[in-house]
Amino acid sequence: MTHSLQADSGWRVWWQLTRPHTLTASFAPVFLGTMIALHYSTINWTLFSAMLIASLLIQAATNMFNEYYDFARGLDNEKSVGIGGAIVRNGVKPKTVLMLALLLYVIAGAIGIYICSQTTWWLLVVGGVAMMIGYLYTGGPYPIAYTPFGELFSGVVMGYLIVIIAFYIQTGTVTLEASLLAVPSTLLVAAIMMSNNIRDIVGDEESGRKTLAILVRRPAAVNILMFFFIIAYAWIVILVISGTLTPWALLVFLSILKPVKVVQIFKRYTEPLQVMPAMKDTGKTNTFFAFLLGIGLLIDYLL
């Protein structure tokens with residue numbers, strides 16, 4: 001756990017700058033949306049790959065915008081936990097981080113244009129809005145991350161919207177089933193942001209942020225995080241009982257020990273370094289849940 005406060009070197013500087021534990025928030029929804037689409041059409045794996053790469057680039061760029069603007073506002077220092085640390089610990093120029101983020105956005109945008117050329121140009125608008133929200137999450141005069149709406153925006157954009165877009169580019173339509181199956185992804189991406197805000201609650205409050213975790217206070221924030229997990233798993237049970245999904249979807253419960261561990265850590269510890277494992281396990285929960293749900297859908301399709 002002490003490694004997060006040490007300076008990295010070489011390629012690790014740039015890898016940590018992407019905040020790799022958050023990148024699962026991009027992979028999981030794309031995979032899930034594609035597995036849902038499997039029941040409707042033949043999968044175009046080129047489009048799947050393009051969507052996945054674009055989503056990862058946007059997430060990495062968003063993290064870099066976060067790194068740049070938090071430093072510019074004086075919120076990050078060499079002791080800050082959970083940051084890439086390229087600026088405050090590794091001596092990378094802030095302008096370099098900003099330019100790299102913009103470069104990733106340009107590449108993602110180019111990939112997005114290709115996807116639109118193969119599907120519909122309306123996605124250019126949807127993708128543009130998603131990229132704008134990614135920038136405004138910490139950039140602009142009123143950063144979303146400094147408000148109580150961080151979980152809402154990240155959940156809807158990086159959870160729900162990516163599932164739906166991944167589904168749409170394969171099928172050319174949006175169905176009720178796809179929307180229902182995107183709900184757990186929405187909640188689990190929101191959980192990643194809530195975990196982050198619970199970990200940083202003291203520092204964020206000192207810097208003047210008004211995150212949801214700060215407004216409701218720590219005990220209630222941990223309970224909200226727990227309810228995100230509970231609703232995500234209960235949602236699948238309800239869909240199975242209603243006949244929307246087959247029992248194969250219950251494979252998601254193979255991942256349930258992760259969120260249980262997350263809640264236990266947050267209830268037991270308060271120091272940022274102590275709760276870092278919980279932050280990482282929240283990201284893993286999102287990945288494992290979506291992967292297992294996708295595998296359940298795949299098994300049902302094959303059978």
# chains A, B, ... in the order shown; residues from 1 in each chain; ligands from 1
>>> residues_around(residues="Leu254 in chain A", least_positions_apart="5", cutoff="9 Å", atoms="only C-alpha atoms", output="PyMOL selection string")
chain A and resi 288-289+292
>>> residues_around(residues="Leu102 in chain A", least_positions_apart="5", cutoff="9 Å", atoms="only C-alpha atoms", output="ChimeraX atom specification")
/A:61,65,97,107
>>> residues_around(residues="Asn286 in chain A", least_positions_apart="6", cutoff="10 Å", atoms="only C-alpha atoms", output="list of chain:residue names")
A:Thr22, A:Thr24, A:Ala25, A:Ser26, A:Phe27, A:Ala28, A:Pro29, A:Gly159, A:Pro184, A:Ser185, A:Thr186, A:Leu187, A:Leu188, A:Val189, A:Ala190, A:Ala191, A:Ile192, A:Phe229, A:Ala232, A:Ser255, A:Lys258, A:Pro259
>>> residues_around(residues="Glu177 in chain A", least_positions_apart="2", cutoff="12 Å", atoms="only C-alpha atoms", output="PDB file with C-alpha atoms, in the first residue's frame")
ATOM      1  CA  GLY A  33     -23.567  -4.652 -24.223  1.00  0.00           C
ATOM      2  CA  ILE A  36     -26.631  -8.804 -24.917  1.00  0.00           C
ATOM      3  CA  ALA A  37     -26.466  -8.059 -28.648  1.00  0.00           C
ATOM      4  CA  HIS A  39     -29.040 -12.675 -28.831  1.00  0.00           C
ATOM      5  CA  TYR A  40     -30.149 -10.279 -31.569  1.00  0.00           C
ATOM      6  CA  VAL A 163     -23.791  -0.646 -22.613  1.00  0.00           C
ATOM      7  CA  ILE A 164     -26.503   0.796 -24.834  1.00  0.00           C
ATOM      8  CA  PHE A 167     -25.551  -2.951 -28.027  1.00  0.00           C
ATOM      9  CA  THR A 173     -31.747  -0.737 -32.223  1.00  0.00           C
ATOM     10  CA  VAL A 174     -32.294  -0.289 -28.477  1.00  0.00           C
ATOM     11  CA  THR A 175     -34.529  -2.728 -26.632  1.00  0.00           C
ATOM     12  CA  SER A 179     -31.921  -1.064 -20.979  1.00  0.00           C
ATOM     13  CA  LEU A 180     -32.859  -3.295 -18.044  1.00  0.00           C
ATOM     14  CA  LEU A 181     -29.555  -5.150 -18.193  1.00  0.00           C
ATOM     15  CA  ALA A 182     -27.660  -1.846 -18.228  1.00  0.00           C
ATOM     16  CA  VAL A 183     -29.020  -0.874 -14.807  1.00  0.00           C
ATOM     17  CA  ILE A 236     -30.538  -9.756 -11.640  1.00  0.00           C
ATOM     18  CA  LEU A 239     -35.008 -10.351 -13.943  1.00  0.00           C
ATOM     19  CA  SER A 242     -39.628 -12.479 -14.096  1.00  0.00           C
ATOM     20  CA  GLY A 243     -38.304 -14.657 -16.934  1.00  0.00           C
ATOM     21  CA  THR A 244     -36.351 -11.864 -18.613  1.00  0.00           C
ATOM     22  CA  LEU A 245     -33.130 -13.749 -17.907  1.00  0.00           C
TER      23      LEU A 245
END
>>> residues_around(residues="Thr46 in chain A", least_positions_apart="6", cutoff="12 Å", atoms="only C-alpha atoms", output="list in words")
Thr34, Leu52, Ile53, Ile111, Tyr114, Ile115, Gln118, Ala166, Ile169 and Gln170 of chain A
>>> residues_around(residues="range 206-214 of chain A", least_positions_apart="2", cutoff="12 Å", atoms="only C-alpha atoms", output="PyMOL selection string")
chain A and resi 70-71+73-76+138+142-152+190-191+193-204+216-225
>>> select_by_dssp(residues="range 139-235 of chain A", states="alpha helix (DSSP H)", output="PyMOL selection string")
chain A and resi 150-154+162-171+176-199+201-206+212-216+218-235
>>> closest_residue(among="A:Gln59, A:Ser154, A:Ser49, A:Thr171", to="His21 in chain A", atoms="only C-alpha atoms")
A:Gln59
>>> closest_residue(among="A:Leu32, A:Leu23, A:Leu100, A:Tyr68", to="Leu56 in chain A", atoms="only C-alpha atoms")
A:Leu23
>>> residues_around(residues="Asp281 in chain A", least_positions_apart="3", cutoff="7 Å", atoms="only C-alpha atoms", output="ChimeraX atom specification")
/A:258,262,277-278,284-285
>>> atom_distance(atom1="CA of Met158 in chain A", atom2="CA of Gly128 in chain A")
13.3 Å
>>> closest_residue(among="A:Leu176, A:Ile43, A:Leu250, A:Ile265", to="Ile238 in chain A", atoms="only C-alpha atoms")
A:Leu250
